[in-house]
>>> print(open('model_29.pdb').read())   # PDB, C-alpha atoms, pLDDT in the B column
ATOM      1  CA  MET H   1      66.090 -16.667  -1.572  1.00 52.00           C
ATOM      2  CA  LEU H   2      66.474 -14.618  -4.724  1.00 48.00           C
ATOM      3  CA  ARG H   3      63.594 -16.520  -6.254  1.00 53.00           C
ATOM      4  CA  LEU H   4      61.443 -15.681  -3.215  1.00 47.00           C
ATOM      5  CA  ILE H   5      62.315 -11.981  -3.443  1.00 48.00           C
ATOM      6  CA  ALA H   6      61.574 -11.959  -7.167  1.00 46.00           C
ATOM      7  CA  SER H   7      58.217 -13.587  -6.568  1.00 49.00           C
ATOM      8  CA  PHE H   8      57.395 -11.042  -3.873  1.00 47.00           C
ATOM      9  CA  LEU H   9      58.302  -8.130  -6.138  1.00 48.00           C
ATOM     10  CA  LEU H  10      56.228  -9.614  -8.948  1.00 46.00           C
ATOM     11  CA  LEU H  11      53.214 -10.021  -6.691  1.00 48.00           C
ATOM     12  CA  SER H  12      53.640  -6.465  -5.416  1.00 53.00           C
ATOM     13  CA  ALA H  13      53.792  -5.124  -8.957  1.00 49.00           C
ATOM     14  CA  LEU H  14      50.701  -7.093  -9.884  1.00 46.00           C
ATOM     15  CA  ALA H  15      48.897  -5.771  -6.832  1.00 47.00           C
ATOM     16  CA  VAL H  16      49.806  -2.173  -7.694  1.00 47.00           C
ATOM     17  CA  SER H  17      48.823  -2.721 -11.309  1.00 48.00           C
ATOM     18  CA  THR H  18      45.487  -4.192 -10.234  1.00 49.00           C
ATOM     19  CA  ALA H  19      44.835  -1.302  -7.852  1.00 48.00           C
ATOM     20  CA  VAL H  20      45.579   1.236 -10.566  1.00 49.00           C
ATOM     21  CA  ALA H  21      43.367  -0.631 -13.005  1.00 54.00           C
ATOM     22  CA  GLN H  22      40.542  -0.526 -10.517  1.00 74.00           C
ATOM     23  CA  SER H  23      40.933   3.218 -10.018  1.00 83.00           C
ATOM     24  CA  TYR H  24      38.569   5.638 -11.707  1.00 86.00           C
ATOM     25  CA  TYR H  25      38.414   9.387 -12.117  1.00 92.00           C
ATOM     26  CA  ARG H  26      36.107  12.216 -11.174  1.00 90.00           C
ATOM     27  CA  TRP H  27      36.043  15.467 -13.117  1.00 84.00           C
ATOM     28  CA  VAL H  28      33.757  18.395 -13.958  1.00 88.00           C
ATOM     29  CA  ASP H  29      32.636  19.359 -17.456  1.00 86.00           C
ATOM     30  CA  ASP H  30      31.886  22.787 -18.939  1.00 82.00           C
ATOM     31  CA  SER H  31      28.415  22.828 -17.396  1.00 81.00           C
ATOM     32  CA  GLY H  32      29.741  22.122 -13.914  1.00 81.00           C
ATOM     33  CA  GLU H  33      28.362  18.580 -13.987  1.00 88.00           C
ATOM     34  CA  VAL H  34      30.406  15.916 -12.222  1.00 91.00           C
ATOM     35  CA  HIS H  35      31.433  12.824 -14.225  1.00 91.00           C
ATOM     36  CA  TYR H  36      33.094   9.517 -13.400  1.00 90.00           C
ATOM     37  CA  GLY H  37      35.049   7.288 -15.736  1.00 88.00           C
ATOM     38  CA  GLN H  38      38.150   5.236 -16.438  1.00 89.00           C
ATOM     39  CA  SER H  39      39.913   8.266 -17.914  1.00 88.00           C
ATOM     40  CA  VAL H  40      39.540  12.045 -18.012  1.00 88.00           C
ATOM     41  CA  PRO H  41      38.684  13.545 -21.418  1.00 89.00           C
ATOM     42  CA  PRO H  42      41.616  15.666 -22.610  1.00 86.00           C
ATOM     43  CA  GLU H  43      39.466  18.807 -22.916  1.00 85.00           C
ATOM     44  CA  TYR H  44      38.664  18.683 -19.195  1.00 87.00           C
ATOM     45  CA  ALA H  45      42.051  17.604 -17.801  1.00 87.00           C
ATOM     46  CA  ALA H  46      43.162  21.233 -17.390  1.00 86.00           C
ATOM     47  CA  TYR H  47      40.219  21.837 -15.030  1.00 87.00           C
ATOM     48  CA  GLY H  48      41.657  19.471 -12.432  1.00 88.00           C
ATOM     49  CA  TYR H  49      40.401  16.039 -11.446  1.00 87.00           C
ATOM     50  CA  GLU H  50      40.624  13.317  -8.819  1.00 90.00           C
ATOM     51  CA  ARG H  51      41.667   9.677  -9.013  1.00 90.00           C
ATOM     52  CA  LEU H  52      39.498   7.509  -6.827  1.00 89.00           C
ATOM     53  CA  GLY H  53      40.151   4.086  -5.415  1.00 88.00           C
ATOM     54  CA  PRO H  54      37.784   1.114  -5.634  1.00 86.00           C
ATOM     55  CA  ASP H  55      36.227   2.207  -2.345  1.00 85.00           C
ATOM     56  CA  GLY H  56      35.580   5.744  -3.609  1.00 82.00           C
ATOM     57  CA  THR H  57      38.293   7.419  -1.571  1.00 89.00           C
ATOM     58  CA  VAL H  58      40.477  10.055  -3.211  1.00 86.00           C
ATOM     59  CA  ARG H  59      43.865   8.531  -4.022  1.00 89.00           C
ATOM     60  CA  GLU H  60      45.212  11.451  -6.024  1.00 85.00           C
ATOM     61  CA  ARG H  61      44.074  15.008  -6.603  1.00 89.00           C
ATOM     62  CA  VAL H  62      45.358  16.881  -9.651  1.00 87.00           C
ATOM     63  CA  GLU H  63      45.009  20.625  -9.281  1.00 86.00           C
ATOM     64  CA  PRO H  64      43.659  22.758 -12.154  1.00 87.00           C
ATOM     65  CA  GLN H  65      46.240  24.002 -14.623  1.00 86.00           C
ATOM     66  CA  LEU H  66      44.114  27.084 -15.279  1.00 82.00           C
ATOM     67  CA  SER H  67      42.842  29.856 -13.043  1.00 85.00           C
ATOM     68  CA  PRO H  68      39.101  30.043 -12.316  1.00 85.00           C
ATOM     69  CA  GLU H  69      38.849  32.965 -14.733  1.00 88.00           C
ATOM     70  CA  GLU H  70      40.625  31.019 -17.476  1.00 85.00           C
ATOM     71  CA  ILE H  71      38.401  28.004 -16.880  1.00 84.00           C
ATOM     72  CA  ALA H  72      35.287  30.193 -17.096  1.00 87.00           C
ATOM     73  CA  GLU H  73      36.537  31.780 -20.308  1.00 89.00           C
ATOM     74  CA  ARG H  74      37.362  28.410 -21.852  1.00 86.00           C
ATOM     75  CA  ARG H  75      33.925  27.085 -20.925  1.00 85.00           C
ATOM     76  CA  GLN H  76      32.286  30.113 -22.487  1.00 90.00           C
ATOM     77  CA  GLN H  77      34.337  29.740 -25.656  1.00 90.00           C
ATOM     78  CA  ARG H  78      33.476  26.053 -25.950  1.00 86.00           C
ATOM     79  CA  ALA H  79      29.796  26.748 -25.322  1.00 88.00           C
ATOM     80  CA  GLU H  80      29.819  29.416 -28.029  1.00 92.00           C
ATOM     81  CA  GLN H  81      31.572  27.050 -30.411  1.00 91.00           C
ATOM     82  CA  GLU H  82      29.023  24.322 -29.724  1.00 89.00           C
ATOM     83  CA  ARG H  83      26.213  26.823 -30.284  1.00 92.00           C
ATOM     84  CA  ARG H  84      27.676  27.873 -33.641  1.00 94.00           C
ATOM     85  CA  GLU H  85      28.184  24.273 -34.714  1.00 93.00           C
ATOM     86  CA  ALA H  86      24.612  23.402 -33.717  1.00 95.00           C
ATOM     87  CA  GLU H  87      23.289  26.402 -35.670  1.00 93.00           C
ATOM     88  CA  GLU H  88      25.315  25.344 -38.723  1.00 94.00           C
ATOM     89  CA  ARG H  89      23.887  21.822 -38.502  1.00 94.00           C
ATOM     90  CA  ASN H  90      20.376  23.214 -38.154  1.00 95.00           C
ATOM     91  CA  GLN H  91      20.918  25.503 -41.130  1.00 94.00           C
ATOM     92  CA  GLU H  92      22.143  22.580 -43.228  1.00 95.00           C
ATOM     93  CA  THR H  93      19.022  20.626 -42.290  1.00 96.00           C
ATOM     94  CA  ARG H  94      16.762  23.569 -43.148  1.00 94.00           C
ATOM     95  CA  ASP H  95      18.556  24.028 -46.462  1.00 95.00           C
ATOM     96  CA  ARG H  96      18.072  20.368 -47.407  1.00 95.00           C
ATOM     97  CA  MET H  97      14.385  20.554 -46.502  1.00 95.00           C
ATOM     98  CA  LEU H  98      13.960  23.793 -48.462  1.00 94.00           C
ATOM     99  CA  LEU H  99      15.478  22.325 -51.619  1.00 94.00           C
ATOM    100  CA  ALA H 100      13.575  19.062 -51.203  1.00 94.00           C
ATOM    101  CA  THR H 101      10.239  20.840 -50.700  1.00 95.00           C
ATOM    102  CA  TYR H 102      10.354  23.382 -53.525  1.00 95.00           C
ATOM    103  CA  GLY H 103      11.461  22.723 -57.065  1.00 94.00           C
ATOM    104  CA  SER H 104      11.418  26.373 -58.077  1.00 94.00           C
ATOM    105  CA  GLU H 105      10.795  29.889 -56.786  1.00 94.00           C
ATOM    106  CA  GLU H 106       7.321  29.677 -58.258  1.00 96.00           C
ATOM    107  CA  ASP H 107       6.561  26.642 -56.105  1.00 96.00           C
ATOM    108  CA  LEU H 108       7.632  28.589 -53.059  1.00 95.00           C
ATOM    109  CA  ARG H 109       5.480  31.577 -53.957  1.00 95.00           C
ATOM    110  CA  ASP H 110       2.497  29.312 -54.619  1.00 96.00           C
ATOM    111  CA  ALA H 111       2.909  27.755 -51.186  1.00 96.00           C
ATOM    112  CA  MET H 112       2.967  31.208 -49.601  1.00 96.00           C
ATOM    113  CA  LYS H 113      -0.174  32.240 -51.485  1.00 97.00           C
ATOM    114  CA  MET H 114      -1.992  29.112 -50.323  1.00 96.00           C
ATOM    115  CA  GLN H 115      -1.129  29.770 -46.689  1.00 96.00           C
ATOM    116  CA  LEU H 116      -2.117  33.421 -46.984  1.00 96.00           C
ATOM    117  CA  GLN H 117      -5.402  32.437 -48.600  1.00 97.00           C
ATOM    118  CA  GLY H 118      -6.056  30.034 -45.744  1.00 97.00           C
ATOM    119  CA  LEU H 119      -5.421  32.796 -43.224  1.00 96.00           C
ATOM    120  CA  GLU H 120      -7.684  35.171 -45.142  1.00 97.00           C
ATOM    121  CA  SER H 121     -10.446  32.569 -45.108  1.00 97.00           C
ATOM    122  CA  GLN H 122     -10.114  32.251 -41.341  1.00 97.00           C
ATOM    123  CA  ARG H 123     -10.108  36.026 -41.023  1.00 96.00           C
ATOM    124  CA  ALA H 124     -13.308  36.333 -43.073  1.00 97.00           C
ATOM    125  CA  SER H 125     -15.065  33.729 -40.926  1.00 97.00           C
ATOM    126  CA  THR H 126     -13.906  35.434 -37.753  1.00 97.00           C
ATOM    127  CA  ARG H 127     -15.081  38.827 -38.979  1.00 96.00           C
ATOM    128  CA  MET H 128     -18.528  37.385 -39.671  1.00 97.00           C
ATOM    129  CA  ALA H 129     -18.586  35.938 -36.165  1.00 96.00           C
ATOM    130  CA  VAL H 130     -17.553  39.307 -34.739  1.00 96.00           C
ATOM    131  CA  GLU H 131     -20.393  41.024 -36.603  1.00 97.00           C
ATOM    132  CA  LEU H 132     -22.958  38.529 -35.307  1.00 96.00           C
ATOM    133  CA  VAL H 133     -21.722  38.809 -31.729  1.00 96.00           C
ATOM    134  CA  GLU H 134     -21.631  42.621 -31.952  1.00 96.00           C
ATOM    135  CA  ASN H 135     -25.265  42.620 -33.057  1.00 96.00           C
ATOM    136  CA  ARG H 136     -26.199  40.310 -30.206  1.00 96.00           C
ATOM    137  CA  PHE H 137     -24.282  42.496 -27.764  1.00 95.00           C
ATOM    138  CA  GLU H 138     -26.022  45.661 -28.968  1.00 96.00           C
ATOM    139  CA  THR H 139     -29.395  43.937 -28.615  1.00 96.00           C
ATOM    140  CA  GLN H 140     -28.618  42.848 -25.068  1.00 95.00           C
ATOM    141  CA  ILE H 141     -27.315  46.268 -24.076  1.00 94.00           C
ATOM    142  CA  GLY H 142     -30.347  47.926 -25.629  1.00 95.00           C
ATOM    143  CA  ARG H 143     -32.710  45.648 -23.708  1.00 94.00           C
ATOM    144  CA  ALA H 144     -30.924  46.329 -20.431  1.00 93.00           C
ATOM    145  CA  ALA H 145     -31.002  50.104 -21.097  1.00 94.00           C
ATOM    146  CA  ARG H 146     -34.708  49.999 -21.885  1.00 94.00           C
ATOM    147  CA  LEU H 147     -35.465  48.163 -18.644  1.00 92.00           C
ATOM    148  CA  SER H 148     -33.420  50.705 -16.703  1.00 92.00           C
ATOM    149  CA  ARG H 149     -35.288  53.627 -18.302  1.00 92.00           C
ATOM    150  CA  GLU H 150     -38.548  52.005 -17.363  1.00 90.00           C
ATOM    151  CA  GLY H 151     -37.374  51.684 -13.789  1.00 91.00           C
ATOM    152  CA  ARG H 152     -37.411  47.924 -13.970  1.00 91.00           C
ATOM    153  CA  PRO H 153     -34.543  45.733 -12.700  1.00 93.00           C
ATOM    154  CA  VAL H 154     -32.234  44.110 -15.193  1.00 92.00           C
ATOM    155  CA  PRO H 155     -32.567  40.320 -14.782  1.00 94.00           C
ATOM    156  CA  GLY H 156     -29.495  38.559 -13.519  1.00 93.00           C
ATOM    157  CA  ARG H 157     -29.558  36.203 -16.470  1.00 95.00           C
ATOM    158  CA  LEU H 158     -29.451  39.161 -18.873  1.00 93.00           C
ATOM    159  CA  GLN H 159     -26.493  40.650 -17.016  1.00 94.00           C
ATOM    160  CA  GLU H 160     -24.676  37.306 -17.238  1.00 96.00           C
ATOM    161  CA  SER H 161     -25.446  37.082 -20.956  1.00 95.00           C
ATOM    162  CA  ILE H 162     -24.058  40.582 -21.498  1.00 95.00           C
ATOM    163  CA  GLU H 163     -20.797  39.649 -19.744  1.00 96.00           C
ATOM    164  CA  GLU H 164     -20.544  36.365 -21.642  1.00 96.00           C
ATOM    165  CA  THR H 165     -21.101  38.151 -24.954  1.00 96.00           C
ATOM    166  CA  ARG H 166     -18.554  40.834 -24.051  1.00 96.00           C
ATOM    167  CA  THR H 167     -16.008  38.098 -23.256  1.00 96.00           C
ATOM    168  CA  GLU H 168     -16.756  36.293 -26.520  1.00 96.00           C
ATOM    169  CA  LEU H 169     -16.365  39.537 -28.458  1.00 96.00           C
ATOM    170  CA  ARG H 170     -12.979  40.193 -26.861  1.00 96.00           C
ATOM    171  CA  ARG H 171     -11.851  36.659 -27.732  1.00 97.00           C
ATOM    172  CA  LEU H 172     -12.903  37.010 -31.364  1.00 96.00           C
ATOM    173  CA  ARG H 173     -11.146  40.371 -31.711  1.00 96.00           C
ATOM    174  CA  ALA H 174      -8.042  38.832 -30.167  1.00 97.00           C
ATOM    175  CA  ASP H 175      -8.307  36.022 -32.734  1.00 97.00           C
ATOM    176  CA  LEU H 176      -8.303  38.650 -35.493  1.00 96.00           C
ATOM    177  CA  ASP H 177      -5.174  40.226 -34.029  1.00 97.00           C
ATOM    178  CA  ARG H 178      -3.469  36.832 -33.908  1.00 97.00           C
ATOM    179  CA  LEU H 179      -4.402  36.164 -37.525  1.00 96.00           C
ATOM    180  CA  ASP H 180      -2.804  39.473 -38.496  1.00 96.00           C
ATOM    181  CA  GLU H 181       0.348  38.454 -36.617  1.00 97.00           C
ATOM    182  CA  ARG H 182       0.371  35.037 -38.283  1.00 96.00           C
ATOM    183  CA  GLU H 183       0.058  36.651 -41.707  1.00 97.00           C
ATOM    184  CA  ALA H 184       2.999  38.961 -41.009  1.00 97.00           C
ATOM    185  CA  GLN H 185       5.067  36.040 -39.721  1.00 97.00           C
ATOM    186  CA  THR H 186       4.121  33.894 -42.725  1.00 96.00           C
ATOM    187  CA  ARG H 187       5.177  36.595 -45.169  1.00 96.00           C
ATOM    188  CA  GLU H 188       8.430  37.156 -43.287  1.00 97.00           C
ATOM    189  CA  ARG H 189       9.225  33.436 -43.179  1.00 95.00           C
ATOM    190  CA  PHE H 190       8.539  32.899 -46.858  1.00 96.00           C
ATOM    191  CA  MET H 191      10.533  35.957 -47.864  1.00 96.00           C
ATOM    192  CA  ALA H 192      13.475  34.610 -45.838  1.00 95.00           C
ATOM    193  CA  ASP H 193      13.036  31.184 -47.441  1.00 96.00           C
ATOM    194  CA  LEU H 194      12.888  32.754 -50.879  1.00 95.00           C
ATOM    195  CA  ALA H 195      16.099  34.699 -50.292  1.00 95.00           C
ATOM    196  CA  ARG H 196      17.824  31.569 -48.984  1.00 95.00           C
ATOM    197  CA  TYR H 197      16.517  29.505 -51.895  1.00 95.00           C
ATOM    198  CA  ARG H 198      18.048  31.995 -54.304  1.00 94.00           C
ATOM    199  CA  GLU H 199      21.378  31.745 -52.484  1.00 94.00           C
ATOM    200  CA  LEU H 200      21.339  27.957 -52.655  1.00 93.00           C
ATOM    201  CA  THR H 201      20.290  27.828 -56.306  1.00 91.00           C
ATOM    202  CA  ASP H 202      22.234  30.934 -57.348  1.00 84.00           C
ATOM    203  CA  THR H 203      19.241  32.606 -58.965  1.00 66.00           C
ATOM    204  CA  GLY H 204      18.320  36.266 -58.924  1.00 58.00           C
ATOM    205  CA  GLY H 205      14.534  36.091 -59.052  1.00 53.00           C
ATOM    206  CA  ASP H 206      12.223  38.241 -61.156  1.00 52.00           C
ATOM    207  CA  GLY H 207      11.296  40.869 -58.575  1.00 49.00           C
ATOM    208  CA  SER H 208       7.729  39.617 -58.003  1.00 52.00           C
ATOM    209  CA  ASP H 209       8.137  38.965 -54.275  1.00 57.00           C
ATOM    210  CA  GLY H 210       5.025  40.658 -53.002  1.00 54.00           C
ATOM    211  CA  GLY H 211       2.885  37.495 -53.004  1.00 52.00           C
TER     212      GLY H 211
END
>>> encode(input="model_29.pdb", output="structure tokens")
Amino acid sequence: MLRLIASFLLLSALAVSTAVAQSYYRWVDDSGEVHYGQSVPPEYAAYGYERLGPDGTVRERVEPQLSPEEIAERRQQRAEQERREAEERNQETRDRMLLATYGSEEDLRDAMKMQLQGLESQRASTRMAVELVENRFETQIGRAARLSREGRPVPGRLQESIEETRTELRRLRADLDRLDEREAQTRERFMADLARYRELTDTGGDGSDGG
């Protein structure tokens, strides 16, 4: 009889152990996303979680140890920490690339000059295009004005050409503005890289930063 009772207790314990082993958990992370797994990560246990049975039913619900305000604050703190860590990793990567790309401050300045020269070349070509289109536009406008003075209708094709030329002129002038912006951004980026390069190499420079 005792042996039968012992066997029953052993089977019961095994059944409970198997049921627990088959359980899994549901919890929410800092972003509010629901996760499932065999265990709850320690950093999310204070938010509350549920233990689910093999059939998906809730077997146990553990209430949050923190208030909603505390949870929100902790999530914000962790998000800020992750942002700072990501920025530090990005900075380390940029620093490695900066040191690998340039062997000296002079190399960095030469690279800036080359990019600025490339932008100036584009600007010169665009200015020439603007001048040509302006001349064409003035010719078209003059022709249309002459026809109007003579009391003759302006052909539809000429009107379309005037509008197309006006649109092209606006685009080219916008291209010039964008080139100016790119030049300013290029100078700013290289000046920042130069300052960072000096920090990493512990050099003071010679003051010739104008490019």
>>> closest_residue(input="model_29.pdb", among="H:Ala195, H:Ala174, H:Ala46, H:Leu132", to="Arg74 (chain H)", atoms="only C-alpha atoms")
H:Ala46
>>> resolve_selection(input="model_29.pdb", expression="the PyMOL selection byres ((chain H and resi 175-179) around 9)", output="PyMOL selection string")
chain H and resi 119-120+122-123+126-127+170-174+180-184
>>> write_last_selection(input="model_29.pdb", atoms="C-alpha atoms", output="compact mmCIF listing (two decimals), keeping the file's coordinate frame")
# COMPACT_ATOMS: atom_id res chain seq x y z
CA LEU H 119 -5.42 32.80 -43.22
CA GLU H 120 -7.68 35.17 -45.14
CA GLN H 122 -10.11 32.25 -41.34
CA ARG H 123 -10.11 36.03 -41.02
CA THR H 126 -13.91 35.43 -37.75
CA ARG H 127 -15.08 38.83 -38.98
CA ARG H 170 -12.98 40.19 -26.86
CA ARG H 171 -11.85 36.66 -27.73
CA LEU H 172 -12.90 37.01 -31.36
CA ARG H 173 -11.15 40.37 -31.71
CA ALA H 174 -8.04 38.83 -30.17
CA ASP H 180 -2.80 39.47 -38.50
CA GLU H 181 0.35 38.45 -36.62
CA ARG H 182 0.37 35.04 -38.28
CA GLU H 183 0.06 36.65 -41.71
CA ALA H 184 3.00 38.96 -41.01
>>> atom_distance(input="model_29.pdb", atom1="CA of Gly37 (chain H)", atom2="CA of Ser23 (chain H)")
9.2 Å
>>> atom_distance(input="model_29.pdb", atom1="CA of Gly56 (chain H)", atom2="CA of Ser39 (chain H)")
15.2 Å
>>> atom_distance(input="model_29.pdb", atom1="CA of Tyr47 (chain H)", atom2="CA of Glu63 (chain H)")
7.6 Å
>>> residues_around(input="model_29.pdb", residues="Pro155 (chain H)", least_positions_apart="5", cutoff="12 Å", atoms="all atoms listed in the file", output="list in words")
Gln140, Arg143, Ala144, Ala145, Leu147, Ser148, Glu160, Ser161 and Ile162 of chain H
>>> residues_around(input="model_29.pdb", residues="Glu60 (chain H)", least_positions_apart="5", cutoff="10 Å", atoms="only C-alpha atoms", output="list of chain:residue names")
H:Tyr25, H:Tyr49, H:Glu50, H:Arg51, H:Leu52, H:Gly53
>>> resolve_selection(input="model_29.pdb", expression="the PyMOL selection byres ((chain H and resi 185-194) around 10)", output="NGL selection string")
:H and (94-95 or 98 or 104-106 or 108-109 or 111-113 or 115-116 or 119 or 179-184 or 195-200 or 205 or 209-211)
>>> residues_around(input="model_29.pdb", residues="Trp27 (chain H)", least_positions_apart="3", cutoff="8 Å", atoms="only C-alpha atoms", output="ChimeraX atom specification")
/H:34-36,40,44-45,47-50
>>> decode(input="model_29.pdb", residues="region 39-65 of chain H", atoms="N, CA and C atoms", output="PDB file, in the first residue's frame")
ATOM      1  N   SER H  39      11.092  32.174 -20.211  1.00  0.00           N
ATOM      2  CA  SER H  39      11.353  32.933 -18.987  1.00  0.00           C
ATOM      3  C   SER H  39      11.222  34.418 -19.302  1.00  0.00           C
ATOM      4  N   VAL H  40      10.979  35.207 -18.266  1.00  0.00           N
ATOM      5  CA  VAL H  40      10.829  36.651 -18.411  1.00  0.00           C
ATOM      6  C   VAL H  40      12.179  37.317 -18.162  1.00  0.00           C
ATOM      7  N   PRO H  41      12.662  38.138 -19.074  1.00  0.00           N
ATOM      8  CA  PRO H  41      13.922  38.851 -18.827  1.00  0.00           C
ATOM      9  C   PRO H  41      13.833  39.661 -17.541  1.00  0.00           C
ATOM     10  N   PRO H  42      14.878  39.654 -16.743  1.00  0.00           N
ATOM     11  CA  PRO H  42      14.840  40.350 -15.447  1.00  0.00           C
ATOM     12  C   PRO H  42      14.438  41.821 -15.552  1.00  0.00           C
ATOM     13  N   GLU H  43      14.865  42.503 -16.637  1.00  0.00           N
ATOM     14  CA  GLU H  43      14.574  43.930 -16.749  1.00  0.00           C
ATOM     15  C   GLU H  43      13.097  44.222 -16.978  1.00  0.00           C
ATOM     16  N   TYR H  44      12.319  43.189 -17.350  1.00  0.00           N
ATOM     17  CA  TYR H  44      10.900  43.402 -17.602  1.00  0.00           C
ATOM     18  C   TYR H  44      10.004  42.743 -16.552  1.00  0.00           C
ATOM     19  N   ALA H  45      10.594  42.022 -15.604  1.00  0.00           N
ATOM     20  CA  ALA H  45       9.797  41.310 -14.605  1.00  0.00           C
ATOM     21  C   ALA H  45       8.983  42.273 -13.748  1.00  0.00           C
ATOM     22  N   ALA H  46       9.541  43.475 -13.495  1.00  0.00           N
ATOM     23  CA  ALA H  46       8.837  44.436 -12.636  1.00  0.00           C
ATOM     24  C   ALA H  46       7.618  45.027 -13.323  1.00  0.00           C
ATOM     25  N   TYR H  47       7.475  44.815 -14.648  1.00  0.00           N
ATOM     26  CA  TYR H  47       6.328  45.353 -15.366  1.00  0.00           C
ATOM     27  C   TYR H  47       5.092  44.456 -15.233  1.00  0.00           C
ATOM     28  N   GLY H  48       5.280  43.276 -14.656  1.00  0.00           N
ATOM     29  CA  GLY H  48       4.187  42.313 -14.591  1.00  0.00           C
ATOM     30  C   GLY H  48       4.229  41.379 -15.781  1.00  0.00           C
ATOM     31  N   TYR H  49       3.723  40.169 -15.587  1.00  0.00           N
ATOM     32  CA  TYR H  49       3.732  39.183 -16.670  1.00  0.00           C
ATOM     33  C   TYR H  49       2.705  38.095 -16.356  1.00  0.00           C
ATOM     34  N   GLU H  50       2.531  37.200 -17.318  1.00  0.00           N
ATOM     35  CA  GLU H  50       1.585  36.099 -17.160  1.00  0.00           C
ATOM     36  C   GLU H  50       2.272  34.787 -17.494  1.00  0.00           C
ATOM     37  N   ARG H  51       1.921  33.746 -16.723  1.00  0.00           N
ATOM     38  CA  ARG H  51       2.394  32.395 -17.048  1.00  0.00           C
ATOM     39  C   ARG H  51       1.249  31.655 -17.727  1.00  0.00           C
ATOM     40  N   LEU H  52       1.546  31.145 -18.904  1.00  0.00           N
ATOM     41  CA  LEU H  52       0.525  30.502 -19.714  1.00  0.00           C
ATOM     42  C   LEU H  52       0.734  28.999 -19.741  1.00  0.00           C
ATOM     43  N   GLY H  53      -0.360  28.277 -19.825  1.00  0.00           N
ATOM     44  CA  GLY H  53      -0.297  26.840 -19.945  1.00  0.00           C
ATOM     45  C   GLY H  53      -0.067  26.417 -21.379  1.00  0.00           C
ATOM     46  N   PRO H  54       0.102  25.107 -21.609  1.00  0.00           N
ATOM     47  CA  PRO H  54       0.330  24.620 -22.972  1.00  0.00           C
ATOM     48  C   PRO H  54      -0.789  24.984 -23.934  1.00  0.00           C
ATOM     49  N   ASP H  55      -2.001  25.166 -23.391  1.00  0.00           N
ATOM     50  CA  ASP H  55      -3.135  25.510 -24.250  1.00  0.00           C
ATOM     51  C   ASP H  55      -3.314  27.016 -24.421  1.00  0.00           C
ATOM     52  N   GLY H  56      -2.409  27.814 -23.843  1.00  0.00           N
ATOM     53  CA  GLY H  56      -2.477  29.254 -23.986  1.00  0.00           C
ATOM     54  C   GLY H  56      -3.296  29.962 -22.936  1.00  0.00           C
ATOM     55  N   THR H  57      -3.884  29.220 -22.018  1.00  0.00           N
ATOM     56  CA  THR H  57      -4.680  29.854 -20.968  1.00  0.00           C
ATOM     57  C   THR H  57      -3.757  30.420 -19.888  1.00  0.00           C
ATOM     58  N   VAL H  58      -4.210  31.460 -19.225  1.00  0.00           N
ATOM     59  CA  VAL H  58      -3.424  32.103 -18.180  1.00  0.00           C
ATOM     60  C   VAL H  58      -3.491  31.256 -16.915  1.00  0.00           C
ATOM     61  N   ARG H  59      -2.355  30.745 -16.486  1.00  0.00           N
ATOM     62  CA  ARG H  59      -2.282  29.945 -15.265  1.00  0.00           C
ATOM     63  C   ARG H  59      -1.906  30.786 -14.057  1.00  0.00           C
ATOM     64  N   GLU H  60      -1.168  31.862 -14.311  1.00  0.00           N
ATOM     65  CA  GLU H  60      -0.739  32.730 -13.212  1.00  0.00           C
ATOM     66  C   GLU H  60      -0.510  34.126 -13.759  1.00  0.00           C
ATOM     67  N   ARG H  61      -0.976  35.117 -13.012  1.00  0.00           N
ATOM     68  CA  ARG H  61      -0.774  36.503 -13.426  1.00  0.00           C
ATOM     69  C   ARG H  61      -0.007  37.237 -12.321  1.00  0.00           C
ATOM     70  N   VAL H  62       1.151  37.748 -12.643  1.00  0.00           N
ATOM     71  CA  VAL H  62       1.968  38.474 -11.681  1.00  0.00           C
ATOM     72  C   VAL H  62       1.776  39.968 -11.939  1.00  0.00           C
ATOM     73  N   GLU H  63       1.283  40.659 -10.952  1.00  0.00           N
ATOM     74  CA  GLU H  63       0.989  42.077 -11.097  1.00  0.00           C
ATOM     75  C   GLU H  63       2.279  42.899 -11.132  1.00  0.00           C
ATOM     76  N   PRO H  64       2.245  44.063 -11.780  1.00  0.00           N
ATOM     77  CA  PRO H  64       3.441  44.915 -11.842  1.00  0.00           C
ATOM     78  C   PRO H  64       3.893  45.346 -10.457  1.00  0.00           C
ATOM     79  N   GLN H  65       5.185  45.388 -10.254  1.00  0.00           N
ATOM     80  CA  GLN H  65       5.750  45.872  -9.003  1.00  0.00           C
ATOM     81  C   GLN H  65       5.856  47.394  -8.991  1.00  0.00           C
TER      82      GLN H  65
END
